[in-house]
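Student: Sharing input_20.txt (compact mmCIF, C-alpha atoms and all ligand atoms) below.
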```txt
# COMPACT_ATOMS: atom_id res chain seq x y z
CA MET A 1 -29.45 -83.85 39.71
CA HIS A 2 -30.90 -86.70 41.71
CA ILE A 3 -33.28 -85.53 44.38
CA ALA A 4 -33.17 -87.81 47.36
CA LYS A 5 -36.48 -88.89 48.71
CA ARG A 6 -36.97 -87.33 52.08
CA ALA A 7 -37.71 -89.71 54.88
CA HIS A 8 -37.84 -89.47 58.64
CA SER A 9 -35.93 -92.66 59.13
CA PRO A 10 -33.11 -93.87 56.93
CA SER A 11 -35.04 -96.75 55.49
CA GLY A 12 -34.30 -95.94 51.87
CA SER A 13 -31.51 -97.23 49.69
CA GLU A 14 -27.92 -97.08 50.86
CA ASP A 15 -27.24 -94.33 48.34
CA HIS A 16 -29.99 -92.32 49.77
CA LEU A 17 -28.81 -93.04 53.28
CA ASP A 18 -25.30 -91.94 52.51
CA HIS A 19 -26.48 -88.78 50.87
CA ARG A 20 -28.64 -87.86 53.81
CA ARG A 21 -26.03 -88.89 56.29
CA ARG A 22 -23.41 -86.71 54.69
CA ASN A 23 -25.59 -83.65 54.46
CA ILE A 24 -26.99 -83.92 57.90
CA LEU A 25 -23.71 -84.75 59.54
CA ALA A 26 -22.02 -81.86 57.86
CA CYS A 27 -24.80 -79.61 59.06
CA PHE A 28 -24.54 -80.91 62.57
CA LEU A 29 -20.79 -81.11 62.82
CA THR A 30 -20.23 -77.67 61.51
CA ALA A 31 -22.65 -76.32 64.01
CA ALA A 32 -21.26 -78.39 66.84
CA LEU A 33 -17.59 -77.88 66.28
CA GLY A 34 -17.59 -74.50 64.65
CA ARG A 35 -15.21 -75.68 61.97
CA ASP A 36 -15.17 -77.88 58.96
CA ALA A 37 -15.10 -81.43 60.23
CA GLU A 38 -13.73 -82.61 56.90
CA ARG A 39 -10.40 -81.13 57.80
CA ASP A 40 -9.98 -83.17 60.95
CA THR A 41 -8.16 -86.44 60.63
CA PRO A 42 -8.78 -89.51 62.75
CA GLU A 43 -5.32 -89.25 64.26
CA ALA A 44 -5.99 -85.76 65.47
CA CYS A 45 -9.01 -86.72 67.44
CA GLY A 46 -7.96 -88.48 70.60
CA PRO A 47 -9.09 -91.92 71.60
CA TRP A 48 -11.80 -92.17 69.00
CA GLY A 49 -9.71 -93.70 66.24
CA LYS A 50 -11.27 -94.78 63.03
CA GLY A 51 -12.98 -98.13 63.45
CA GLY A 52 -13.17 -97.77 67.23
CA LYS A 53 -16.10 -98.44 69.51
CA LEU A 54 -18.83 -96.04 70.32
CA GLY A 55 -18.91 -96.34 74.07
CA THR A 56 -21.84 -96.67 76.40
CA GLY A 57 -20.94 -93.39 78.03
CA CYS A 58 -22.22 -91.38 75.13
CA PRO A 59 -24.55 -88.53 75.97
CA ALA A 60 -28.15 -89.54 76.23
CA ARG A 61 -29.02 -87.79 73.01
CA HIS A 62 -29.21 -91.14 71.24
CA SER A 63 -30.73 -94.40 72.34
CA GLY A 64 -27.50 -95.36 74.11
CA ARG A 65 -27.04 -98.70 72.44
CA PRO A 66 -23.32 -99.18 71.86
CA GLY A 67 -22.03 -100.30 68.52
CA SER A 68 -19.09 -100.07 66.24
CA PHE A 69 -18.47 -97.44 63.70
CA SER A 70 -16.41 -98.23 60.71
CA ASP A 71 -16.74 -95.48 58.19
CA TRP A 72 -15.72 -91.90 58.16
CA ASP A 73 -19.18 -90.57 58.90
CA ASP A 74 -19.48 -92.72 61.99
CA PHE A 75 -16.13 -91.57 63.14
CA ARG A 76 -16.95 -87.94 62.73
CA LEU A 77 -20.06 -88.42 64.75
CA ALA A 78 -17.99 -90.00 67.49
CA MET A 79 -15.84 -86.92 67.62
CA ILE A 80 -18.77 -84.98 68.91
CA TYR A 81 -19.25 -87.39 71.71
CA ASP A 82 -15.59 -87.20 72.44
CA THR A 83 -15.64 -83.46 72.88
CA SER A 84 -18.57 -83.58 75.23
CA LEU A 85 -17.21 -86.53 77.20
CA ALA A 86 -13.86 -84.83 77.61
CA GLY A 87 -15.42 -82.22 79.80
CA ILE A 88 -15.41 -79.52 77.16
CA ALA A 89 -18.56 -77.43 77.25
CA PRO A 90 -21.35 -79.29 75.46
CA PRO A 91 -21.65 -78.38 71.82
CA ALA A 92 -23.66 -75.23 71.29
CA CYS A 93 -26.11 -77.30 69.36
CA ALA A 94 -26.90 -79.67 72.21
CA SER A 95 -30.27 -78.09 72.82
CA SER A 96 -30.98 -77.57 69.19
CA PHE A 97 -30.36 -81.07 67.92
CA LYS A 98 -31.32 -84.48 69.02
CA VAL A 99 -30.36 -87.90 67.81
CA VAL A 100 -33.18 -90.28 67.21
CA GLY A 101 -32.85 -94.05 67.51
CA TRP A 102 -29.86 -96.24 66.94
CA ARG A 103 -30.20 -97.17 63.32
CA ASP A 104 -31.06 -93.48 63.00
CA LEU A 105 -27.92 -92.51 64.82
CA TYR A 106 -26.89 -90.52 61.81
CA VAL A 107 -30.08 -88.55 61.64
CA MET A 108 -29.69 -85.33 63.51
CA GLU A 109 -32.77 -83.24 63.66
CA LEU A 110 -32.85 -79.48 63.81
CA LEU A 111 -35.23 -78.53 66.57
CA GLU A 112 -36.16 -75.17 65.12
CA PRO A 113 -35.76 -73.24 61.89
CA LEU A 114 -33.20 -70.51 61.31
CA ILE A 115 -34.29 -67.03 62.35
CA PHE A 116 -32.41 -64.03 61.00
CA GLU A 117 -32.04 -60.55 62.51
CA PRO A 118 -34.15 -58.08 60.51
CA LEU A 119 -32.45 -54.96 59.15
CA TYR A 120 -34.72 -51.92 59.39
CA MET A 121 -34.38 -49.19 56.78
CA GLU A 122 -35.61 -45.61 57.09
CA ARG A 123 -37.56 -44.48 54.05
CA VAL A 124 -39.32 -41.22 53.26
CA TRP A 125 -42.50 -43.17 52.45
CA GLY A 126 -42.33 -45.51 55.48
CA GLY A 127 -44.17 -45.72 58.80
CA ARG A 128 -44.45 -47.69 62.04
CA ARG A 129 -46.74 -50.51 61.06
CA LEU A 130 -44.10 -53.18 61.50
CA GLU A 131 -44.51 -52.32 65.15
CA SER A 132 -48.27 -51.62 65.34
CA VAL A 133 -49.34 -54.54 63.13
CA PHE A 134 -46.57 -57.11 63.54
CA GLY A 135 -45.30 -56.26 67.03
CA ARG A 136 -41.71 -55.61 65.91
CA LYS A 137 -39.47 -53.49 68.09
CA LEU A 138 -38.41 -50.62 65.86
CA PRO A 139 -35.78 -47.95 66.48
CA THR A 140 -37.52 -45.15 68.38
CA GLY A 141 -38.92 -42.33 66.30
CA ALA A 142 -37.65 -43.63 62.97
CA VAL A 143 -39.83 -43.79 59.88
CA ILE A 144 -39.24 -47.37 58.76
CA GLY A 145 -40.13 -48.31 55.22
CA GLU A 146 -38.36 -51.62 54.83
CA SER A 147 -37.40 -54.56 56.93
CA TRP A 148 -34.81 -56.67 55.17
CA GLU A 149 -35.57 -60.16 56.36
CA LEU A 150 -33.03 -62.00 54.27
CA VAL A 151 -30.16 -60.36 52.45
CA ASP A 152 -26.68 -61.30 51.31
CA ARG A 153 -25.10 -58.17 49.88
CA LEU A 154 -21.82 -56.39 50.39
CA GLU A 155 -23.59 -53.51 52.12
CA ALA A 156 -26.09 -55.57 54.11
CA GLN A 157 -25.93 -59.01 55.70
CA SER A 158 -28.53 -61.07 57.48
CA VAL A 159 -27.20 -62.67 60.65
CA VAL A 160 -28.59 -65.78 62.29
CA HIS A 161 -30.33 -64.99 65.56
CA ASN A 162 -30.84 -68.42 67.06
CA GLY A 163 -29.48 -71.91 67.55
CA PRO A 164 -26.08 -73.36 66.76
CA LEU A 165 -25.48 -71.06 63.81
CA ARG A 166 -26.23 -67.90 65.79
CA GLY A 167 -24.03 -65.02 64.71
CA LYS A 168 -23.24 -66.47 61.27
CA MET A 169 -23.82 -64.27 58.26
CA LEU A 170 -26.03 -65.46 55.45
CA HIS A 171 -23.08 -65.16 53.09
CA GLU A 172 -21.05 -67.59 55.21
CA LEU A 173 -23.90 -70.07 55.21
CA TRP A 174 -24.29 -69.73 51.45
CA THR A 175 -20.56 -70.04 50.80
CA ASP A 176 -19.52 -72.67 53.32
CA HIS A 177 -22.61 -74.84 53.86
CA ARG A 178 -24.65 -74.49 50.73
CA ALA A 179 -25.49 -78.13 50.10
CA GLU A 180 -26.55 -78.85 53.68
CA LEU A 181 -28.57 -75.72 54.14
CA PHE A 182 -29.82 -74.79 50.68
CA GLY A 183 -29.73 -78.05 48.72
CA GLY A 184 -28.86 -78.44 45.06
CA VAL A 185 -29.68 -74.97 43.81
CA ARG A 186 -28.01 -73.09 40.97
CA ASP A 187 -24.57 -71.70 41.73
CA SER A 188 -24.20 -67.99 42.38
CA GLU A 189 -21.74 -65.88 44.29
CA ARG A 190 -24.37 -64.61 46.73
CA PHE A 191 -27.64 -65.91 48.08
CA PRO A 192 -29.88 -65.04 45.14
CA LEU A 193 -32.96 -63.76 46.98
CA LEU A 194 -33.72 -60.57 48.83
CA VAL A 195 -36.75 -60.82 51.12
CA LYS A 196 -38.31 -57.71 52.62
CA ILE A 197 -41.38 -56.35 54.33
CA LEU A 198 -42.44 -52.93 53.03
CA ASP A 199 -44.59 -50.51 55.02
CA CYS A 200 -45.78 -48.04 52.40
CA GLN A 201 -47.44 -45.09 54.08
CA GLU A 202 -46.84 -42.97 50.99
CA VAL A 203 -46.56 -43.93 47.36
CA LEU A 204 -43.12 -45.13 46.30
CA SER A 205 -41.27 -43.73 43.33
CA VAL A 206 -42.22 -44.92 39.86
CA GLN A 207 -39.35 -47.17 38.87
CA VAL A 208 -38.10 -49.95 36.71
CA HIS A 209 -35.36 -52.57 36.94
CA PRO A 210 -33.45 -53.42 33.77
CA PRO A 211 -34.17 -56.66 31.89
CA ALA A 212 -31.10 -58.91 31.64
CA GLN A 213 -29.93 -57.72 28.22
CA THR A 214 -30.35 -54.04 29.04
CA ALA A 215 -28.74 -54.57 32.44
CA LYS A 216 -25.57 -55.73 30.70
CA LEU A 217 -25.47 -52.60 28.55
CA LEU A 218 -26.14 -50.34 31.53
CA LYS A 219 -23.83 -52.25 33.88
CA GLY A 220 -26.63 -52.90 36.30
CA GLU A 221 -28.36 -56.04 37.55
CA PRO A 222 -31.82 -57.26 36.56
CA LYS A 223 -34.40 -57.60 39.29
CA SER A 224 -37.70 -59.37 39.14
CA GLU A 225 -39.85 -59.15 42.23
CA MET A 226 -43.09 -60.37 43.68
CA TRP A 227 -45.36 -58.41 46.00
CA TYR A 228 -47.75 -60.08 48.37
CA VAL A 229 -50.08 -57.70 50.19
CA ALA A 230 -50.18 -58.80 53.83
CA ARG A 231 -52.40 -55.89 54.93
CA ALA A 232 -54.07 -53.12 52.94
CA GLU A 233 -55.92 -49.96 53.86
CA PRO A 234 -59.27 -49.41 52.09
CA ASP A 235 -57.90 -47.12 49.36
CA ALA A 236 -54.65 -48.99 48.76
CA GLU A 237 -53.43 -49.53 45.21
CA ILE A 238 -50.37 -50.39 43.19
CA PHE A 239 -49.15 -49.34 39.75
CA ALA A 240 -47.87 -51.93 37.28
CA GLY A 241 -47.21 -51.60 33.57
CA LEU A 242 -48.70 -49.05 31.19
CA GLN A 243 -52.27 -48.31 30.32
CA ASN A 244 -53.36 -49.85 27.03
CA GLY A 245 -51.83 -48.11 24.04
CA VAL A 246 -49.47 -45.73 25.84
CA THR A 247 -46.50 -45.10 23.56
CA LYS A 248 -42.97 -44.10 24.43
CA GLU A 249 -43.63 -40.68 22.84
CA ARG A 250 -46.69 -40.07 24.96
CA PHE A 251 -44.77 -41.18 27.99
CA LEU A 252 -41.99 -38.68 27.27
CA HIS A 253 -44.51 -35.84 26.98
CA ALA A 254 -46.08 -36.86 30.28
CA LEU A 255 -42.65 -36.96 31.91
CA GLU A 256 -42.05 -33.35 30.96
CA ALA A 257 -45.52 -32.37 32.13
CA GLY A 258 -45.13 -34.23 35.44
CA SER A 259 -48.20 -36.35 34.69
CA VAL A 260 -46.70 -39.80 34.26
CA ALA A 261 -48.99 -41.21 36.92
CA ASP A 262 -51.95 -40.79 34.55
CA LEU A 263 -50.42 -43.30 32.13
CA LEU A 264 -49.72 -46.05 34.64
CA HIS A 265 -51.96 -49.05 35.10
CA ARG A 266 -53.51 -48.77 38.57
CA ILE A 267 -54.78 -51.80 40.44
CA PRO A 268 -56.64 -51.52 43.76
CA THR A 269 -55.22 -53.90 46.36
CA GLN A 270 -56.57 -55.77 49.32
CA GLU A 271 -55.17 -58.36 51.66
CA ASP A 272 -53.83 -61.40 49.76
CA PHE A 273 -53.44 -59.53 46.48
CA PHE A 274 -50.20 -60.49 44.77
CA ILE A 275 -48.41 -59.73 41.53
CA PHE A 276 -45.18 -60.69 39.81
CA ILE A 277 -43.13 -57.75 38.54
CA PRO A 278 -40.59 -58.97 36.00
CA SER A 279 -37.55 -56.86 35.16
CA GLY A 280 -38.63 -54.18 32.68
CA ARG A 281 -42.11 -53.66 34.11
CA LEU A 282 -42.75 -50.10 35.20
CA HIS A 283 -44.03 -50.11 38.78
CA ALA A 284 -44.81 -48.25 41.99
CA ILE A 285 -46.39 -49.32 45.25
CA GLY A 286 -49.15 -47.00 46.41
CA ARG A 287 -49.85 -45.91 49.95
CA GLY A 288 -51.63 -48.14 52.44
CA ASN A 289 -49.90 -51.39 51.54
CA LEU A 290 -47.99 -53.61 53.93
CA ILE A 291 -46.17 -55.96 51.62
CA PHE A 292 -44.03 -59.08 51.71
CA GLU A 293 -41.59 -58.63 48.86
CA ILE A 294 -39.55 -61.41 47.30
CA GLN A 295 -36.95 -60.26 44.83
CA GLN A 296 -33.80 -61.16 43.01
CA ASN A 297 -30.76 -60.10 44.97
CA SER A 298 -30.02 -56.90 43.09
CA ASP A 299 -29.98 -53.22 43.82
CA THR A 300 -30.32 -51.68 40.40
CA THR A 301 -33.36 -49.41 40.45
CA TYR A 302 -34.03 -46.72 37.87
CA ARG A 303 -36.35 -44.09 39.25
CA VAL A 304 -38.30 -42.38 36.52
CA PHE A 305 -40.73 -40.25 38.55
CA ASP A 306 -40.83 -39.39 42.27
CA TRP A 307 -44.15 -37.55 42.55
CA ASN A 308 -42.31 -34.19 42.72
CA ARG A 309 -41.32 -34.71 46.34
CA THR A 310 -38.08 -34.54 48.33
CA GLY A 311 -36.07 -37.21 50.13
CA LEU A 312 -35.27 -37.51 53.86
CA ASP A 313 -32.57 -34.86 53.37
CA GLY A 314 -35.05 -32.37 51.89
CA LYS A 315 -33.65 -32.64 48.36
CA PRO A 316 -35.33 -34.30 45.39
CA ARG A 317 -34.06 -37.84 44.90
CA ALA A 318 -32.06 -38.57 41.76
CA LEU A 319 -33.96 -39.71 38.68
CA HIS A 320 -32.56 -42.02 36.01
CA ILE A 321 -34.58 -41.06 32.98
CA ASP A 322 -32.32 -42.43 30.21
CA GLU A 323 -31.75 -45.75 31.91
CA SER A 324 -35.47 -46.05 32.65
CA LEU A 325 -36.47 -45.37 29.06
CA GLN A 326 -34.05 -48.08 27.91
CA SER A 327 -35.34 -50.56 30.50
CA ILE A 328 -39.12 -50.14 30.29
CA LEU A 329 -40.97 -52.82 28.33
CA TRP A 330 -43.07 -50.63 26.04
CA ASP A 331 -45.62 -53.30 25.23
CA ASP A 332 -46.31 -54.20 28.85
CA PHE A 333 -49.94 -53.08 28.99
CA GLU A 334 -52.24 -53.59 31.96
CA PRO A 335 -50.77 -56.76 33.44
CA ALA A 336 -53.16 -58.92 35.43
CA PRO A 337 -52.70 -59.52 39.16
CA GLY A 338 -51.32 -62.90 40.16
CA ALA A 339 -53.69 -65.85 40.26
CA PRO A 340 -52.85 -68.92 42.35
CA ALA A 341 -52.60 -72.36 40.76
CA GLY A 342 -53.34 -74.52 43.77
CA GLU A 343 -50.78 -73.44 46.34
CA ARG A 344 -48.40 -72.06 43.73
CA LEU A 345 -48.36 -68.28 43.35
CA VAL A 346 -45.17 -67.73 41.36
CA GLU A 347 -43.40 -70.29 39.20
CA ASP A 348 -40.31 -68.70 37.72
CA SER A 349 -36.76 -69.74 37.01
CA LEU A 350 -35.67 -67.15 39.60
CA PHE A 351 -37.84 -68.22 42.50
CA GLN A 352 -41.00 -70.06 43.40
CA VAL A 353 -43.60 -68.85 45.86
CA ASN A 354 -46.39 -70.88 47.41
CA ARG A 355 -49.16 -69.93 49.79
CA LEU A 356 -49.84 -72.41 52.54
CA GLU A 357 -53.00 -72.71 54.56
CA ILE A 358 -51.98 -74.44 57.76
CA ASP A 359 -54.96 -76.06 59.41
CA ALA A 360 -53.21 -79.32 60.29
CA PRO A 361 -49.57 -80.31 60.85
CA ARG A 362 -47.57 -80.81 57.67
CA ASP A 363 -43.91 -81.16 56.66
CA ALA A 364 -42.27 -77.77 56.24
CA LEU A 365 -40.49 -78.95 53.07
CA THR A 366 -41.81 -81.15 50.31
CA ALA A 367 -39.74 -83.89 48.72
CA VAL A 368 -38.49 -81.51 46.05
CA ASP A 369 -37.93 -78.33 48.06
CA ALA A 370 -34.31 -77.26 48.28
CA PHE A 371 -35.15 -75.19 51.37
CA GLY A 372 -37.90 -72.77 52.34
CA VAL A 373 -38.17 -69.11 53.38
CA PHE A 374 -41.44 -68.73 55.24
CA GLY A 375 -43.37 -65.58 56.10
CA VAL A 376 -46.45 -65.67 58.31
CA LEU A 377 -49.42 -63.69 56.99
CA ARG A 378 -52.17 -64.63 59.44
CA GLY A 379 -52.38 -66.77 62.54
CA SER A 380 -49.50 -68.41 64.37
CA VAL A 381 -47.58 -71.58 63.72
CA ARG A 382 -45.36 -73.84 65.71
CA VAL A 383 -42.27 -75.19 63.94
CA GLY A 384 -40.25 -77.50 66.12
CA THR A 385 -39.79 -75.72 69.41
CA ALA A 386 -40.36 -72.22 68.00
CA THR A 387 -43.57 -70.25 67.46
CA PHE A 388 -44.12 -67.63 64.77
CA GLY A 389 -46.90 -65.06 64.56
CA PRO A 390 -47.96 -62.61 61.82
CA GLY A 391 -45.06 -60.83 60.15
CA ALA A 392 -42.47 -63.38 61.30
CA PHE A 393 -40.01 -64.91 58.84
CA PHE A 394 -37.96 -68.07 59.23
CA VAL A 395 -35.87 -70.37 57.07
CA VAL A 396 -36.13 -74.14 57.04
CA PRO A 397 -32.80 -75.40 55.69
CA HIS A 398 -32.39 -78.37 53.38
CA CYS A 399 -31.12 -80.68 56.10
CA ALA A 400 -34.02 -80.00 58.48
CA THR A 401 -36.30 -82.52 56.88
CA ASN A 402 -37.84 -83.37 60.22
CA LEU A 403 -39.42 -79.97 60.80
CA ARG A 404 -43.18 -79.74 60.62
CA ILE A 405 -45.44 -76.73 60.65
CA GLU A 406 -48.51 -76.86 62.81
CA PRO A 407 -51.19 -74.33 63.61
CA GLU A 408 -50.70 -72.85 67.07
CA ASN A 409 -53.69 -73.52 69.35
CA GLY A 410 -55.46 -75.25 66.48
CA THR A 411 -56.27 -71.97 64.72
CA PRO A 412 -55.60 -72.00 60.97
CA ALA A 413 -52.68 -69.91 59.75
CA ARG A 414 -51.61 -68.58 56.36
CA LEU A 415 -47.99 -68.39 55.19
CA ILE A 416 -46.02 -67.84 52.04
CA LYS A 417 -43.09 -70.08 51.28
CA THR A 418 -40.35 -69.11 48.86
CA THR A 419 -37.74 -71.40 47.46
CA LEU A 420 -35.30 -71.68 44.58
CA PRO A 421 -35.65 -74.17 41.77
CA VAL A 422 -33.34 -77.16 42.07
CA ALA A 423 -30.66 -77.08 39.38
CA CYS A 424 -30.73 -79.96 36.92
ZN ZN B 501 -38.92 -52.42 42.32
```
Hey, can you dump this file as structure tokens for me?
Tutor:
Amino acid sequence: MHIAKRAHSPSGSEDHLDHRRRNILACFLTAALGRDAERDTPEACGPWGKGGKLGTGCPARHSGRPGSFSDWDDFRLAMIYDTSLAGIAPPACASSFKVVGWRDLYVMELLEPLIFEPLYMERVWGGRRLESVFGRKLPTGAVIGESWELVDRLEAQSVVHNGPLRGKMLHELWTDHRAELFGGVRDSERFPLLVKILDCQEVLSVQVHPPAQTAKLLKGEPKSEMWYVARAEPDAEIFAGLQNGVTKERFLHALEAGSVADLLHRIPTQEDFFIFIPSGRLHAIGRGNLIFEIQQNSDTTYRVFDWNRTGLDGKPRALHIDESLQSILWDDFEPAPGAPAGERLVEDSLFQVNRLEIDAPRDALTAVDAFGVFGVLRGSVRVGTATFGPGAFFVVPHCATNLRIEPENGTPARLIKTTLPVAC
């Protein structure tokens, strides 16, 4: 697929202009009108017939220079002016978009990224650090282990909190506005990422997610994930893979003896530690970690050992021994922690993660980014009119090519950015 060069003014080729114009208009119109502008016909739209004049009475959101519009895109833009001129309440997006320049009339700029409502999940191993460390407002008294920052599943949906798309579910955005918001990514029924913050006050169960082939046999879904340690207590650790030479037989004996933990590869963690956990890798997060987790959108987890404890209901949680034994990669010995290559932390066909040090303003998206899911690790940043501190997540959609990230008050900040590879 051709990736259009991103530019702040439409000075590129006509092809490029048209591509941008279409995407951005669709983004804007959908937000403004709350319906698919493609379905409206010129005849249905009052005095602004196709090929008409863009009057001088247009709202002051553009430079005000009148001109003619002759193609469909121009006309659709005029419809917006029509609705606001007709005394209908201004489009919901009026404060969230602006139009820049005349030649740039087509270029609508998002004034802030998308913010989604977090979904807080009680977990037996959770705590309150989302509140004490990140200033989140948690349900009173609950032991919160997970905050789902971005999810598109049948049982859980992220909902937009701000701007013209407020109230929309992630699944609607993915289904109805994919190209404008998420760019040319691979097709899938649901948004393919699940983004969480984990507050692990106790060790999590030892588990595995099935590799693709095994997942088919077991009727589950594969799940690769990446953990980025945002904060760690002094004795924090994670478990990933097997110790050198551990065989399936030895593992089975240890399972019966309740001593599986002795065979796992332990890695001490500290702030900024990260590791990629592909499907099939045995893993557990130890206590003391506050983690940003990026994963495939899947919920197939086979729990092989739960440290002999009980769940929130006082009963032991179910184990999935057979499925686990089929899913574990038995030659996955002592995997190394992640090591950055420049800004790139994870380069995978499923997702890409970068770490950004923000000490000067920069574009939120690069020329090749389809979109970006950002999580703030340290410091605060300003993005358009919004400010984000530690623990905050936001999404810069494909069409918001104008948005820049700058350090708040000139103090450097650290973020991770996740995106999907662009489909070829
Ligand atoms: Zn997992």
Student: Here is a test: counting all atoms listed in the file, which residue of A:Gly258, A:Gly288, A:Pro397, A:Pro278 is nearest to A:Arg231?
Tutor: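 Using all atoms listed in the file, A:Arg231 sits closest to A:Gly288.
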Student: Identify, counting all atoms listed in the file, the protein, DNA and RNA residues located within 7 Å of ligand ZN 501 (chain B), and give them as JSON, numbers by chain.
Tutor: {"A": [207, 208, 209, 225, 283, 301]}
Student: How would the residues just chosen look if you wrote them out with C-alpha atoms as a compact mmCIF listing (two decimals), in the frame of the given file?
Tutor:
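To be explicit, this is the file written out as part.txt:
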```txt
# COMPACT_ATOMS: atom_id res chain seq x y z
CA GLN A 207 -39.35 -47.17 38.87
CA VAL A 208 -38.10 -49.95 36.71
CA HIS A 209 -35.36 -52.57 36.94
CA GLU A 225 -39.85 -59.15 42.23
CA HIS A 283 -44.03 -50.11 38.78
CA THR A 301 -33.36 -49.41 40.45
```
Student: By how many Å are atom CA of A:Arg186 and atom CA of A:Met226 apart?
Tutor: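 One can read the atom CA of A:Arg186 to atom CA of A:Met226 distance as 19.9 Å.
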Student: When you count only C-alpha atoms, which of these residues is closest to A:Ile277: A:Phe371, A:Tyr120, A:Trp227, A:Tyr302?
Tutor: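 Going through A:Phe371, A:Tyr120, A:Trp227, A:Tyr302 one by one, the smallest distance to A:Ile277 is for A:Trp227.
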Student: Using only C-alpha atoms, collect all residues at a distance of at most 12 Å from (-45.7, -54.7, 60.8) as written in the file, then present them as a VMD selection string.
Tutor: chain A and resid 120 126 to 138 144 to 147 196 to 201 229 to 232 289 to 292 376 to 378 389 to 393
Student: Check the smallest atom-to-atom distance from each of A:Gln270, A:Gln326, A:Asn308, A:Thr247 to A:Ala215 using only C-alpha atoms, then report the winner.
Tutor: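 That would be A:Gln326, the residue with the smallest distance to A:Ala215.
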Student: Which is closest to A:Leu365 among A:Phe388, A:Phe274, A:Phe239, A:Phe182, if we use all atoms listed in the file?
Tutor: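 Checking each of A:Phe388, A:Phe274, A:Phe239, A:Phe182 against A:Leu365, counting all atoms listed in the file, the winner is A:Phe182.
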Student: Which residues are close to A:Gln243, i.e. within 7 Å by only C-alpha atoms, leaving aside same-chain residues fewer than 4 positions away? Reply as a PDB file with C-alpha atoms, in the coordinates of the input.
Tutor:
```pdb
ATOM      1  CA  LEU A 263     -50.420 -43.300  32.130  1.00  0.00           C
ATOM      2  CA  LEU A 264     -49.720 -46.050  34.640  1.00  0.00           C
ATOM      3  CA  HIS A 265     -51.960 -49.050  35.100  1.00  0.00           C
ATOM      4  CA  PHE A 333     -49.940 -53.080  28.990  1.00  0.00           C
ATOM      5  CA  GLU A 334     -52.240 -53.590  31.960  1.00  0.00           C
TER       6      GLU A 334
END
```
Student: Applying 6 Å and only C-alpha atoms, which residues near A:Ile285 remain after dropping the ones on its own chain fewer than 5 positions away? List them as a ChimeraX atom specification.
Tutor: /A:203-204,238
Student: Can you work out which one of A:Val260, A:Lys219, A:Asp299, A:Lys248 has the shortest atom-to-atom distance to A:Val151, counting all atoms listed in the file?
Tutor: A:Asp299
Student: What does the distance between atom CA of A:His320 and atom CA of A:Glu149 come to in Å, to one decimal place?
Tutor: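 Distance reported for this atom pair: 27.4 Å.
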Student: Identify which of the residues A:Val396, A:Ala423, A:Ala360, A:Ile405 lies closest to A:Arg382, counting only C-alpha atoms when measuring atom-to-atom distances.
Tutor: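 Ranking A:Val396, A:Ala423, A:Ala360, A:Ile405 by distance to A:Arg382, first place goes to A:Ile405.
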Student: Rounded to one decimal place, report the atom CA of A:Gly163-atom CA of A:Thr140 distance in Å.
Tutor: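 Taking atom CA of A:Gly163 as the start and atom CA of A:Thr140 as the end point, the length is 28.0 Å.
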Student: Would you list the residues near (-45.0, -64.8, 52.9) (no more than 6 Å away, in the coordinates of the file, using all atoms listed in the file) as a list in words?
Tutor: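 Residues with an atom close enough to that point: Phe292, Phe374, Gly375, Val376, Leu415, Ile416 and Lys417 of chain A.
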Student: With 6 Å of padding per side, what axis-aligned box (centre and edge lengths, Å, one decimal) covers all the listed atoms of stretch 367-372 of chain A? Give it as AutoDock Vina command-line options.
Tutor:
```
--center_x -37.0 --center_y -78.3 --center_z 49.2 --size_x 17.4 --size_y 23.1 --size_z 18.3
```
Student: Pull out stretch 345-357 of chain A, keep C-alpha atoms, and write it as a short mmCIF file (atom, residue, chain, number, x, y, z; two decimals), in the first residue's frame.
Tutor:
```
data_model
loop_
_atom_site.label_atom_id
_atom_site.label_comp_id
_atom_site.auth_asym_id
_atom_site.auth_seq_id
_atom_site.Cartn_x
_atom_site.Cartn_y
_atom_site.Cartn_z
CA LEU A 345 11.55 -1.76 21.84
CA VAL A 346 9.41 -4.35 20.06
CA GLU A 347 9.32 -5.02 16.33
CA ASP A 348 6.82 -7.75 15.65
CA SER A 349 4.21 -8.51 13.03
CA LEU A 350 1.59 -8.12 15.79
CA PHE A 351 2.59 -4.73 17.13
CA GLN A 352 5.46 -2.31 17.38
CA VAL A 353 6.47 -0.46 20.52
CA ASN A 354 8.79 2.52 20.76
CA ARG A 355 10.06 4.48 23.72
CA LEU A 356 10.12 8.22 23.26
CA GLU A 357 12.17 10.68 25.25
#
```
